[in-house]
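Engineer: Got a file for you: my_file-v4.cif, mmCIF, C-alpha atoms.
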```
data_input
#
loop_
_atom_site.label_atom_id
_atom_site.label_comp_id
_atom_site.auth_asym_id
_atom_site.auth_seq_id
_atom_site.Cartn_x
_atom_site.Cartn_y
_atom_site.Cartn_z
CA MET A 1 -57.40 -45.19 -3.55
CA GLY A 2 -55.15 -45.14 -0.54
CA LEU A 3 -53.83 -41.61 -0.96
CA LEU A 4 -53.38 -40.22 2.49
CA ILE A 5 -54.48 -36.60 2.58
CA VAL A 6 -55.82 -34.83 5.61
CA VAL A 7 -56.99 -31.24 5.64
CA ASP A 8 -57.30 -29.02 8.65
CA PRO A 9 -59.50 -26.13 7.51
CA SER A 10 -58.86 -24.10 10.67
CA SER A 11 -55.08 -24.14 10.55
CA GLY A 12 -54.85 -20.76 8.85
CA VAL A 13 -53.01 -22.39 5.93
CA PRO A 14 -55.19 -22.32 2.79
CA VAL A 15 -56.61 -25.75 2.01
CA TYR A 16 -55.20 -25.75 -1.54
CA ARG A 17 -51.70 -25.22 -0.03
CA GLN A 18 -52.23 -28.10 2.38
CA LEU A 19 -53.17 -30.34 -0.55
CA MET A 20 -50.16 -29.28 -2.61
CA ASP A 21 -47.77 -29.75 0.27
CA GLN A 22 -49.07 -33.21 1.08
CA ILE A 23 -49.02 -34.44 -2.50
CA LYS A 24 -45.47 -33.13 -2.93
CA PHE A 25 -44.48 -34.72 0.31
CA HIS A 26 -45.87 -38.07 -0.85
CA ILE A 27 -43.85 -37.73 -4.06
CA ALA A 28 -40.65 -36.77 -2.27
CA SER A 29 -41.06 -39.66 0.15
CA GLY A 30 -41.79 -42.14 -2.64
CA LEU A 31 -45.36 -42.94 -1.59
CA LEU A 32 -46.47 -41.56 -4.94
CA GLY A 33 -44.35 -42.60 -7.90
CA PRO A 34 -44.12 -41.65 -11.57
CA GLY A 35 -47.30 -42.51 -13.47
CA ASP A 36 -49.45 -42.85 -10.34
CA GLU A 37 -52.93 -41.42 -10.82
CA LEU A 38 -54.39 -38.72 -8.64
CA PRO A 39 -58.08 -38.89 -7.66
CA SER A 40 -60.46 -36.76 -9.71
CA THR A 41 -61.38 -33.30 -8.46
CA ARG A 42 -64.88 -34.50 -7.74
CA ALA A 43 -63.84 -37.64 -5.89
CA LEU A 44 -61.35 -35.83 -3.70
CA SER A 45 -63.78 -32.99 -3.08
CA SER A 46 -66.46 -35.36 -1.77
CA GLU A 47 -63.98 -37.43 0.15
CA LEU A 48 -62.44 -34.51 1.99
CA GLY A 49 -65.62 -32.44 2.18
CA VAL A 50 -64.09 -29.37 0.57
CA ASN A 51 -65.05 -27.15 -2.33
CA PRO A 52 -64.08 -28.71 -5.70
CA MET A 53 -62.57 -25.37 -6.79
CA THR A 54 -60.01 -25.79 -4.05
CA ILE A 55 -58.93 -29.16 -5.43
CA SER A 56 -58.74 -27.78 -8.99
CA LYS A 57 -56.63 -24.90 -7.75
CA ALA A 58 -54.16 -27.23 -6.04
CA TYR A 59 -54.00 -29.44 -9.14
CA SER A 60 -53.40 -26.53 -11.53
CA TYR A 61 -50.57 -25.21 -9.40
CA LEU A 62 -49.03 -28.68 -9.26
CA GLU A 63 -49.32 -28.84 -13.03
CA LYS A 64 -47.67 -25.43 -13.40
CA GLU A 65 -44.83 -26.60 -11.19
CA ASN A 66 -44.42 -29.65 -13.44
CA VAL A 67 -45.15 -32.06 -10.63
CA VAL A 68 -48.18 -33.64 -12.30
CA GLU A 69 -49.32 -34.05 -15.85
CA ARG A 70 -52.79 -33.38 -17.19
CA ARG A 71 -54.13 -35.64 -19.91
CA PRO A 72 -57.43 -34.80 -21.57
CA GLY A 73 -60.30 -36.85 -20.19
CA ARG A 74 -58.12 -38.97 -17.97
CA PRO A 75 -56.85 -38.78 -14.41
CA LEU A 76 -53.87 -36.60 -13.58
CA ILE A 77 -50.64 -38.51 -13.18
CA VAL A 78 -47.45 -37.89 -11.27
CA ARG A 79 -44.65 -36.90 -13.61
CA ASP A 80 -41.46 -38.85 -13.91
CA LEU A 81 -39.09 -36.47 -12.24
CA THR A 82 -35.46 -36.91 -13.21
CA GLY A 83 -32.94 -37.29 -10.40
CA GLU A 84 -32.17 -33.60 -10.49
CA ALA A 85 -35.82 -32.49 -10.45
CA MET A 86 -36.44 -34.85 -7.56
CA THR A 87 -33.60 -33.31 -5.58
CA ASP A 88 -34.94 -29.85 -6.43
CA GLN A 89 -38.33 -30.92 -5.17
CA ARG A 90 -36.85 -32.18 -1.92
CA MET A 91 -34.78 -29.07 -1.41
CA LYS A 92 -37.84 -26.95 -2.05
CA GLN A 93 -39.77 -28.87 0.60
CA LEU A 94 -36.98 -28.31 3.07
CA ARG A 95 -36.66 -24.65 2.20
CA GLU A 96 -40.38 -24.12 2.80
CA SER A 97 -40.30 -25.85 6.18
CA LEU A 98 -37.32 -23.76 7.21
CA THR A 99 -39.01 -20.41 6.62
CA ALA A 100 -40.57 -20.28 10.07
CA PRO A 101 -37.42 -21.29 12.04
CA VAL A 102 -35.34 -18.76 10.08
CA ARG A 103 -37.82 -16.01 10.84
CA MET A 104 -37.78 -16.99 14.48
CA ALA A 105 -33.97 -16.93 14.61
CA LEU A 106 -34.02 -13.37 13.26
CA GLN A 107 -36.76 -12.30 15.65
CA LEU A 108 -34.90 -13.70 18.63
CA GLU A 109 -31.72 -12.10 17.29
CA ILE A 110 -29.80 -15.32 17.52
CA ASP A 111 -26.24 -15.16 16.26
CA ARG A 112 -25.93 -16.50 12.71
CA GLU A 113 -23.06 -18.87 13.56
CA GLU A 114 -24.92 -20.18 16.61
CA ALA A 115 -27.99 -20.89 14.49
CA LEU A 116 -25.96 -22.75 11.86
CA LYS A 117 -24.15 -24.71 14.55
CA LEU A 118 -27.49 -25.76 16.03
CA PHE A 119 -28.71 -26.96 12.64
CA ARG A 120 -25.53 -29.02 12.12
CA GLU A 121 -25.77 -30.48 15.61
CA MET A 122 -29.38 -31.48 15.12
CA ILE A 123 -28.58 -33.21 11.83
CA ASP A 124 -25.68 -35.07 13.48
CA THR A 125 -27.76 -36.24 16.43
CA SER A 126 -30.60 -37.40 14.18
CA GLU A 127 -28.15 -39.35 12.01
CA GLU A 128 -26.60 -40.99 15.07
CA ASP A 129 -30.04 -41.93 16.37
CA ALA A 130 -30.93 -43.40 13.02
CA ASP A 131 -27.66 -45.39 12.96
CA GLU A 132 -28.33 -46.79 16.41
CA ARG A 133 -31.79 -47.94 15.40
CA ARG A 134 -30.32 -49.78 12.42
CA MET B 1 -74.27 -11.96 -15.36
CA SER B 2 -74.24 -11.95 -11.60
CA VAL B 3 -76.65 -14.32 -9.92
CA VAL B 4 -77.01 -12.10 -6.86
CA GLU B 5 -76.75 -8.31 -6.81
CA PHE B 6 -77.27 -5.95 -3.92
CA ARG B 7 -76.83 -2.28 -4.72
CA ASN B 8 -76.63 0.32 -1.98
CA ILE B 9 -79.10 -1.50 0.26
CA HIS B 10 -80.58 0.26 3.27
CA ARG B 11 -82.89 -1.50 5.64
CA ALA B 12 -83.93 -0.42 9.13
CA TYR B 13 -86.43 -1.99 11.48
CA ARG B 14 -86.81 1.11 13.58
CA LYS B 15 -86.15 4.65 12.51
CA GLY B 16 -82.50 5.52 12.75
CA GLU B 17 -81.45 1.93 13.46
CA GLU B 18 -80.20 0.58 10.18
CA VAL B 19 -79.43 -3.11 10.00
CA LEU B 20 -78.01 -2.67 6.52
CA ALA B 21 -76.50 0.71 5.76
CA GLY B 22 -75.56 1.08 2.11
CA LEU B 23 -74.51 -2.50 1.44
CA ASN B 24 -73.11 -3.60 -1.92
CA LEU B 25 -72.52 -7.21 -2.95
CA GLU B 26 -72.37 -9.10 -6.23
CA ILE B 27 -72.06 -12.85 -6.62
CA PRO B 28 -71.16 -14.36 -10.00
CA ALA B 29 -72.54 -17.71 -11.12
CA GLY B 30 -70.96 -20.78 -9.56
CA GLN B 31 -69.30 -19.00 -6.67
CA VAL B 32 -69.60 -20.18 -3.07
CA VAL B 33 -69.81 -17.28 -0.65
CA GLY B 34 -69.59 -17.62 3.12
CA LEU B 35 -71.37 -14.84 4.95
CA LEU B 36 -69.95 -14.02 8.36
CA GLY B 37 -70.91 -11.53 11.02
CA LYS B 38 -71.93 -11.29 14.63
CA ASN B 39 -75.57 -11.80 15.54
CA GLY B 40 -77.33 -8.65 14.45
CA ALA B 41 -74.76 -7.81 11.77
CA GLY B 42 -77.43 -8.16 9.09
CA LYS B 43 -76.80 -11.63 7.61
CA THR B 44 -80.36 -12.88 7.96
CA THR B 45 -81.75 -9.55 6.77
CA LEU B 46 -79.58 -9.78 3.67
CA ILE B 47 -80.71 -13.33 2.98
CA ARG B 48 -84.38 -12.44 3.47
CA LEU B 49 -84.00 -9.57 1.03
CA ALA B 50 -82.56 -12.00 -1.52
CA MET B 51 -85.52 -14.33 -0.97
CA GLY B 52 -87.98 -11.48 -1.40
CA MET B 53 -89.25 -12.01 2.15
CA LEU B 54 -88.30 -8.41 3.00
CA GLU B 55 -88.17 -5.24 1.00
CA ALA B 56 -85.24 -2.81 1.00
CA GLN B 57 -86.12 0.75 1.95
CA GLN B 58 -83.49 1.96 -0.43
CA GLY B 59 -81.35 0.27 -3.08
CA GLU B 60 -81.81 -2.58 -5.51
CA VAL B 61 -81.91 -6.34 -5.09
CA ARG B 62 -81.56 -8.47 -8.21
CA ILE B 63 -81.59 -12.26 -8.29
CA PHE B 64 -80.94 -13.72 -11.76
CA GLY B 65 -81.40 -10.13 -12.88
CA MET B 66 -84.93 -9.95 -11.46
CA ASP B 67 -86.45 -8.20 -8.48
CA PRO B 68 -87.51 -11.00 -6.10
CA ARG B 69 -90.43 -8.86 -4.86
CA GLU B 70 -91.76 -8.40 -8.37
CA LYS B 71 -91.22 -11.91 -9.69
CA PRO B 72 -91.38 -14.13 -6.61
CA VAL B 73 -92.36 -17.32 -8.43
CA GLU B 74 -89.82 -17.06 -11.25
CA VAL B 75 -87.06 -16.32 -8.78
CA LYS B 76 -87.93 -18.88 -6.10
CA ARG B 77 -88.26 -21.70 -8.63
CA ARG B 78 -84.56 -21.41 -9.25
CA ILE B 79 -83.54 -21.14 -5.58
CA GLY B 80 -83.10 -23.71 -2.85
CA TYR B 81 -83.42 -22.30 0.66
CA VAL B 82 -82.79 -23.66 4.14
CA SER B 83 -82.74 -21.64 7.34
CA GLU B 84 -82.39 -22.41 10.99
CA ASP B 85 -85.92 -21.26 11.81
CA GLN B 86 -87.61 -22.62 8.71
CA ILE B 87 -91.14 -23.82 9.27
CA LEU B 88 -92.42 -26.93 7.52
CA PRO B 89 -96.14 -27.80 7.68
CA GLU B 90 -96.29 -29.65 11.00
CA PHE B 91 -99.21 -31.94 10.35
CA LEU B 92 -98.09 -33.23 6.98
CA LYS B 93 -96.15 -36.45 6.63
CA VAL B 94 -92.60 -36.36 5.32
CA LYS B 95 -93.66 -37.93 2.01
CA ASP B 96 -96.40 -35.30 1.58
CA VAL B 97 -93.98 -32.43 2.10
CA ILE B 98 -91.67 -33.98 -0.48
CA ALA B 99 -94.61 -34.48 -2.90
CA LEU B 100 -95.59 -30.85 -2.39
CA HIS B 101 -92.14 -29.66 -3.43
CA ARG B 102 -91.98 -32.09 -6.32
CA GLY B 103 -95.12 -30.42 -7.65
CA LEU B 104 -93.76 -26.91 -7.21
CA PHE B 105 -90.44 -27.36 -8.95
CA PRO B 106 -90.29 -28.37 -12.61
CA GLY B 107 -86.68 -29.54 -12.37
CA TRP B 108 -87.29 -32.07 -9.58
CA ASP B 109 -84.73 -34.89 -9.71
CA GLU B 110 -86.46 -38.05 -8.49
CA ALA B 111 -83.27 -40.09 -8.31
CA MET B 112 -81.51 -37.50 -6.19
CA ALA B 113 -84.51 -37.21 -3.85
CA ASP B 114 -84.64 -40.99 -3.42
CA ASP B 115 -80.95 -41.14 -2.80
CA LEU B 116 -81.15 -38.49 -0.07
CA ILE B 117 -84.20 -40.13 1.53
CA GLY B 118 -82.08 -43.25 1.87
CA ARG B 119 -78.96 -41.49 3.00
CA PHE B 120 -80.75 -39.47 5.68
CA SER B 121 -82.93 -42.50 6.61
CA LEU B 122 -86.03 -40.27 6.57
CA PRO B 123 -89.21 -41.83 7.99
CA LEU B 124 -91.58 -41.08 5.10
CA GLY B 125 -94.78 -41.91 6.95
CA GLN B 126 -93.96 -39.79 9.99
CA LYS B 127 -95.55 -36.40 10.61
CA ILE B 128 -93.16 -33.43 10.54
CA LYS B 129 -94.25 -32.59 14.08
CA LYS B 130 -92.77 -35.86 15.33
CA LEU B 131 -89.36 -35.41 13.73
CA SER B 132 -86.22 -34.42 15.60
CA LYS B 133 -84.74 -31.03 14.80
CA GLY B 134 -82.00 -32.68 12.74
CA GLN B 135 -84.45 -34.79 10.73
CA ALA B 136 -86.70 -31.80 10.02
CA ARG B 137 -83.69 -29.86 8.74
CA GLN B 138 -82.77 -32.80 6.51
CA VAL B 139 -86.25 -32.77 4.99
CA ALA B 140 -85.80 -29.06 4.36
CA LEU B 141 -82.41 -29.67 2.77
CA LEU B 142 -83.76 -32.41 0.55
CA CYS B 143 -86.57 -30.13 -0.64
CA ALA B 144 -84.04 -27.35 -1.22
CA VAL B 145 -81.61 -29.33 -3.36
CA ALA B 146 -83.62 -32.02 -5.20
CA HIS B 147 -84.78 -29.56 -7.86
CA ARG B 148 -81.12 -28.81 -8.57
CA PRO B 149 -81.41 -25.08 -7.97
CA GLU B 150 -79.11 -22.58 -9.64
CA LEU B 151 -78.77 -20.76 -6.34
CA LEU B 152 -78.67 -22.35 -2.91
CA ILE B 153 -79.19 -20.05 0.07
CA LEU B 154 -78.43 -21.44 3.50
CA ASP B 155 -79.05 -19.31 6.57
CA GLU B 156 -77.27 -20.87 9.54
CA PRO B 157 -78.33 -24.30 8.25
CA ALA B 158 -76.30 -26.31 10.71
CA GLY B 159 -77.46 -24.52 13.86
CA GLY B 160 -78.39 -27.10 16.48
CA LEU B 161 -77.28 -30.10 14.41
CA ASP B 162 -74.85 -32.73 15.65
CA PRO B 163 -71.47 -33.07 13.89
CA ALA B 164 -72.54 -36.06 11.78
CA ALA B 165 -75.64 -34.28 10.50
CA ARG B 166 -73.57 -31.15 9.83
CA ARG B 167 -71.16 -33.18 7.76
CA GLU B 168 -74.06 -34.70 5.78
CA PHE B 169 -75.28 -31.19 5.11
CA LEU B 170 -71.90 -30.11 3.89
CA GLU B 171 -71.48 -33.15 1.68
CA THR B 172 -74.91 -32.71 0.13
CA SER B 173 -74.12 -29.09 -0.71
CA ILE B 174 -70.75 -30.07 -2.15
CA ARG B 175 -72.42 -32.74 -4.24
CA LEU B 176 -74.80 -30.16 -5.68
CA LEU B 177 -71.87 -27.91 -6.38
CA ASN B 178 -70.00 -30.73 -8.13
CA GLU B 179 -72.92 -31.92 -10.21
CA THR B 180 -74.86 -28.76 -10.92
CA GLY B 181 -72.40 -25.89 -10.47
CA THR B 182 -74.83 -24.21 -8.10
CA THR B 183 -74.06 -20.75 -6.74
CA ILE B 184 -74.13 -20.90 -2.95
CA LEU B 185 -74.63 -18.14 -0.40
CA PHE B 186 -74.49 -19.36 3.15
CA SER B 187 -74.10 -18.03 6.64
CA SER B 188 -72.73 -20.14 9.44
CA HIS B 189 -71.19 -19.79 12.84
CA TYR B 190 -69.21 -22.94 12.17
CA MET B 191 -65.97 -21.56 10.79
CA THR B 192 -64.63 -24.94 9.72
CA ASP B 193 -67.71 -25.45 7.53
CA VAL B 194 -67.12 -22.03 6.01
CA GLU B 195 -63.44 -22.85 5.46
CA ARG B 196 -64.30 -26.11 3.74
CA MET B 197 -66.97 -24.71 1.48
CA ALA B 198 -66.39 -21.07 0.70
CA GLU B 199 -64.18 -19.62 -1.99
CA ARG B 200 -65.08 -16.14 -0.96
CA ILE B 201 -65.72 -14.65 2.45
CA VAL B 202 -67.95 -11.66 3.06
CA MET B 203 -67.84 -10.33 6.60
CA LEU B 204 -70.63 -7.97 7.62
CA HIS B 205 -70.16 -5.48 10.40
CA GLU B 206 -72.48 -2.68 11.42
CA GLY B 207 -74.59 -3.01 8.30
CA LYS B 208 -71.77 -2.92 5.80
CA VAL B 209 -69.26 -5.21 4.19
CA LEU B 210 -66.17 -5.10 6.39
CA ILE B 211 -64.13 -7.71 4.52
CA ASP B 212 -64.73 -9.19 1.11
CA GLY B 213 -62.09 -11.47 -0.32
CA GLU B 214 -61.06 -14.90 -1.47
CA LEU B 215 -60.62 -17.21 1.48
CA ASP B 216 -57.16 -18.24 0.27
CA SER B 217 -56.06 -14.64 0.07
CA LEU B 218 -57.45 -13.88 3.54
CA GLN B 219 -55.26 -16.66 4.84
CA GLU B 220 -52.16 -15.74 2.84
CA ASP B 221 -52.26 -11.96 2.71
CA TYR B 222 -53.45 -11.12 6.21
CA SER B 223 -51.68 -11.49 9.51
CA LEU B 224 -52.03 -11.01 13.22
CA ALA B 225 -49.30 -9.10 15.05
CA LEU B 226 -48.84 -9.66 18.76
CA VAL B 227 -47.03 -6.68 20.24
CA PRO B 228 -45.87 -7.00 23.88
CA HIS B 229 -47.19 -4.44 26.36
CA ALA B 230 -43.62 -3.48 27.21
CA ASN B 231 -43.78 -1.28 24.12
CA GLY B 232 -46.26 1.02 25.88
CA GLU B 233 -49.46 2.48 24.48
CA MET B 234 -49.65 1.16 20.93
CA ARG B 235 -53.23 1.60 19.70
CA GLU B 236 -52.85 4.79 17.70
CA ARG B 237 -49.37 3.93 16.50
CA LEU B 238 -50.53 0.57 15.15
CA LEU B 239 -53.67 2.01 13.58
CA GLY B 240 -51.47 4.58 11.83
CA LEU B 241 -49.54 1.87 10.02
CA ASN B 242 -50.32 0.96 6.44
CA GLY B 243 -52.77 -1.95 6.21
CA CYS B 244 -53.77 -2.08 9.89
CA LEU B 245 -57.45 -3.09 10.14
CA GLY B 246 -57.99 -3.19 13.86
CA VAL B 247 -56.25 -3.20 17.22
CA ARG B 248 -57.34 -4.79 20.47
CA LYS B 249 -55.66 -4.59 23.85
CA ARG B 250 -55.60 -8.12 25.24
CA SER B 251 -54.09 -9.38 28.46
CA ASP B 252 -51.13 -11.06 26.73
CA ALA B 253 -50.29 -8.35 24.17
CA TRP B 254 -51.69 -5.85 21.69
CA HIS B 255 -53.42 -7.75 18.89
CA ALA B 256 -53.43 -6.05 15.51
CA VAL B 257 -54.80 -7.41 12.24
CA PHE B 258 -52.94 -6.38 9.09
CA ARG B 259 -53.70 -6.65 5.41
CA HIS B 260 -50.16 -7.91 4.77
CA ASP B 261 -48.51 -11.29 5.03
CA PRO B 262 -46.65 -11.98 8.29
CA ALA B 263 -43.19 -11.16 6.91
CA ARG B 264 -44.30 -7.80 5.53
CA THR B 265 -46.09 -6.90 8.76
CA GLN B 266 -43.00 -7.83 10.70
CA SER B 267 -40.78 -5.56 8.66
CA LEU B 268 -43.28 -2.69 8.85
CA LEU B 269 -43.38 -2.91 12.64
CA ASN B 270 -39.64 -3.03 12.69
CA ALA B 271 -38.94 -0.22 10.27
CA ASP B 272 -41.78 2.21 11.05
CA LEU B 273 -42.32 1.69 14.78
CA GLY B 274 -38.98 0.26 15.84
CA VAL B 275 -40.81 -2.67 17.44
CA LYS B 276 -38.52 -5.69 17.37
CA ASP B 277 -40.25 -8.14 19.68
CA ALA B 278 -43.58 -8.47 17.87
CA ARG B 279 -44.75 -11.89 16.74
CA CYS B 280 -46.49 -11.94 13.38
CA GLN B 281 -48.43 -14.94 12.22
CA ALA B 282 -51.04 -16.15 9.77
CA ILE B 283 -54.51 -15.71 11.13
CA PRO B 284 -57.17 -18.42 11.03
CA LEU B 285 -60.58 -17.19 9.94
CA GLU B 286 -62.11 -17.59 13.36
CA GLU B 287 -59.40 -15.43 14.93
CA MET B 288 -59.78 -12.80 12.26
CA PHE B 289 -63.50 -12.74 12.89
CA ILE B 290 -63.03 -12.32 16.62
CA GLU B 291 -60.33 -9.68 16.22
CA LEU B 292 -62.32 -7.58 13.78
CA ALA B 293 -65.92 -8.10 14.76
CA GLY B 294 -65.50 -9.12 18.37
CA GLY B 295 -66.31 -5.71 19.82
CA GLN B 296 -63.95 -3.04 20.95
CA GLY B 297 -61.51 -3.90 23.66
#
```
For this file, write the structure as structure tokens.

Structural biologist:
Amino acid sequence: MGLLIVVDPSSGVPVYRQLMDQIKFHIASGLLGPGDELPSTRALSSELGVNPMTISKAYSYLEKENVVERRPGRPLIVRDLTGEAMTDQRMKQLRESLTAPVRMALQLEIDREEALKLFREMIDTSEEDADERR
Amino acid sequence: MSVVEFRNIHRAYRKGEEVLAGLNLEIPAGQVVGLLGKNGAGKTTLIRLAMGMLEAQQGEVRIFGMDPREKPVEVKRRIGYVSEDQILPEFLKVKDVIALHRGLFPGWDEAMADDLIGRFSLPLGQKIKKLSKGQARQVALLCAVAHRPELLILDEPAGGLDPAARREFLETSIRLLNETGTTILFSSHYMTDVERMAERIVMLHEGKVLIDGELDSLQEDYSLALVPHANGEMRERLLGLNGCLGVRKRSDAWHAVFRHDPARTQSLLNADLGVKDARCQAIPLEEMFIELAGGQG
């Protein structure tokens, strides 16, 4: 089971959130594909050294969000997300990571246009860098 | 039914100096509770009351619905207990201590005991006196869990252990939790252990429960606000805000803990105090502990 999940209990982010975020990230990045099995609550709990309730909580939320599917008596599997759902998932990831920068922009009272310009610039530079590496 | 119940507990060692002053706490079956508090906050006293090693001067203690002072054997049979200052019979060999416990507990699980003996590499023929601190604690842990107790009570179990031994301790407790659904009450100064294990945090302060909540909610619904000194004297103004639990004047800024998520705290500071340059952030457990219990400053 090569699922790469790392928890940092002292980060201030609840462990169940860390698990959800990482599993979703693995799905968005393609590391986990449709039909892939997730480790059992027990196995992941012993492996990570965290309370099994925490794992169950993360799994139930993922189920509620239609990211994984529960099948009685068998491991949870990653759902086959349609193209649209996949894009939604990616946008959601991005939205969540942008919460902190947006809050900071407001706190620092940075002009809205300036902030948007910076975002565009950063995307452009990253794309150029990526092109050069190719 | 709750596995552990403390009702209005008072306990003083000297007259007028109450260690526990009207404490209430209930723990339902299967829950893992991390008990936090400064030294002297009453954690060990609370645990000793649960074990029937101490008597409350006022209030009721019920473990599995029974008074541990009245039914010590019935209660203790169903509990596993490890503490930092636990004393094992020094002149017995490891295997004799294990045999002693096997005889005391009807539910002794031989396979689990053997497995732990192997995992901890315990020297069975060695006398307890000759063991290192870590090994002695592992013997105590084995004896505490191999009868698959319904309630596991750990009082600062990892004190003085190296990180590898601490991790073994944690994993053994988690295994018991996974396999037996044991209720766990534990105190520890190692916040990461608490954050890995506990669903619920109970923070004691001055003999009472200062904070009692799900760990996840403590991390999501509480925040720390850092208010620059340029705003002037802020203590009373911050304390007057809805949800403010404590304020400390630190060298970098005023530190205030709020029972709101960072965004809500931010908007409160903005709207009610006109403070625009505060930084509000999620607060790791250790920080919360220091901010709330770390003395007045």

Engineer: Could you work out which residues of chain B fall inside 6 Å of chain A? Count all atoms listed in the file, and format the result as a VMD selection string.

Structural biologist: chain B and resid 171 192 195 to 197 216 219 283 to 284

Engineer: To one decimal place in Å, what is the distance between CA of Lys57 in chain A and CA of Asp88 in chain A?

Structural biologist: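 One can read the CA of Lys57 in chain A to CA of Asp88 in chain A distance as 22.3 Å.
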
Engineer: Which residues, written as a PyMOL selection string, have at least one atom at most 6 Å from range 234-248 of chain B, with only C-alpha atoms counted and residues fewer than 5 positions away on the same chain left out?

Structural biologist: chain B and resi 254-259+297

Engineer: Residues picked by the PyMOL selection byres ((chain B and resi 227) around 7) here, as a VMD selection string?

Structural biologist: chain B and resid 225 to 226 228 to 229 253 to 255 277 to 279

Engineer: Of the candidates A:Pro39, A:Pro34, A:Ile110, A:Leu118, which one gets nearest to Thr82 in chain A if we count all atoms listed in the file?

Structural biologist: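 Using all atoms listed in the file, the shortest distance to Thr82 in chain A belongs to A:Pro34.
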
Engineer: Mind giving me the straight-line distance from CA of Leu49 in chain B to CA of Glu286 in chain B in Å, one decimal?

Structural biologist: 26.4 Å

Engineer: Need the axis-aligned box for range 120-127 of chain A with 5 Å each side, so what are the centre and edges in Å to one decimal, as AutoDock Vina command-line options?

Structural biologist:
```
--center_x -28.1 --center_y -34.2 --center_z 14.1 --size_x 15.1 --size_y 20.3 --size_z 14.6
```

Engineer: Closest to Gly103 in chain B among B:Leu224, B:His147, B:Pro68, B:Asp261, using all atoms listed in the file?

Structural biologist: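 The shortest atom-to-atom distance to Gly103 in chain B comes from B:His147.
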
Engineer: Env of Asp67 in chain B: 12 Å cut, atoms = only C-alpha atoms, seq-sep filter 4 positions within chain, self excluded. Answer as JSON, numbers by chain.

Structural biologist: {"B": [3, 4, 5, 6, 7, 49, 50, 51, 52, 53, 54, 55, 56, 59, 60, 61, 62, 63, 71, 72, 73, 74, 75, 76]}

Engineer: Would you save the residues from that selection as a JSON list (two decimals), keeping the file's coordinate frame, using C-alpha atoms?

Structural biologist:
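File again39.json, as written:
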```json
[["chain", "number", "residue", "atom", "x", "y", "z"],
["B", 3, "VAL", "CA", -76.65, -14.32, -9.92],
["B", 4, "VAL", "CA", -77.01, -12.10, -6.86],
["B", 5, "GLU", "CA", -76.75, -8.31, -6.81],
["B", 6, "PHE", "CA", -77.27, -5.95, -3.92],
["B", 7, "ARG", "CA", -76.83, -2.28, -4.72],
["B", 49, "LEU", "CA", -84.00, -9.57, 1.03],
["B", 50, "ALA", "CA", -82.56, -12.00, -1.52],
["B", 51, "MET", "CA", -85.52, -14.33, -0.97],
["B", 52, "GLY", "CA", -87.98, -11.48, -1.40],
["B", 53, "MET", "CA", -89.25, -12.01, 2.15],
["B", 54, "LEU", "CA", -88.30, -8.41, 3.00],
["B", 55, "GLU", "CA", -88.17, -5.24, 1.00],
["B", 56, "ALA", "CA", -85.24, -2.81, 1.00],
["B", 59, "GLY", "CA", -81.35, 0.27, -3.08],
["B", 60, "GLU", "CA", -81.81, -2.58, -5.51],
["B", 61, "VAL", "CA", -81.91, -6.34, -5.09],
["B", 62, "ARG", "CA", -81.56, -8.47, -8.21],
["B", 63, "ILE", "CA", -81.59, -12.26, -8.29],
["B", 71, "LYS", "CA", -91.22, -11.91, -9.69],
["B", 72, "PRO", "CA", -91.38, -14.13, -6.61],
["B", 73, "VAL", "CA", -92.36, -17.32, -8.43],
["B", 74, "GLU", "CA", -89.82, -17.06, -11.25],
["B", 75, "VAL", "CA", -87.06, -16.32, -8.78],
["B", 76, "LYS", "CA", -87.93, -18.88, -6.10]]
```

Engineer: For CA of Leu152 in chain B and CA of Ile184 in chain B, determine how far apart the two atoms are, in Å to one decimal place.

Structural biologist: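 We find that CA of Leu152 in chain B and CA of Ile184 in chain B lie 4.8 Å from each other.
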
Engineer: Tell me, as a VMD selection string, which residues lie within 12 Å of Leu104 in chain B, counting only C-alpha atoms; anything in the same chain fewer than 4 positions away does not count.

Structural biologist: chain B and resid 73 to 74 76 to 80 97 to 100 108 143 to 144 146 to 147

Engineer: Decode the PyMOL selection byres ((chain A and resi 20) around 12) for the given file into explicit residues and return them as a PyMOL selection string.

Structural biologist: chain A and resi 5-7+13-19+21-27+38+54-65+67-68+93

Engineer: Report as a PyMOL selection string all protein, DNA and RNA residues lying within 9 Å of Lys129 in chain B, evaluated on all atoms listed in the file, omitting residues in the same chain fewer than 4 positions from it.

Structural biologist: chain B and resi 88-93+136

Engineer: I want to know what sits within 12 Å of Val209 in chain B, based on only C-alpha atoms, with residues of the same chain fewer than 5 positions away left out; could you give that as number ranges by chain?

Structural biologist: B: 6, 8-9, 19-26, 35-37, 41-43, 46, 201-204, 293
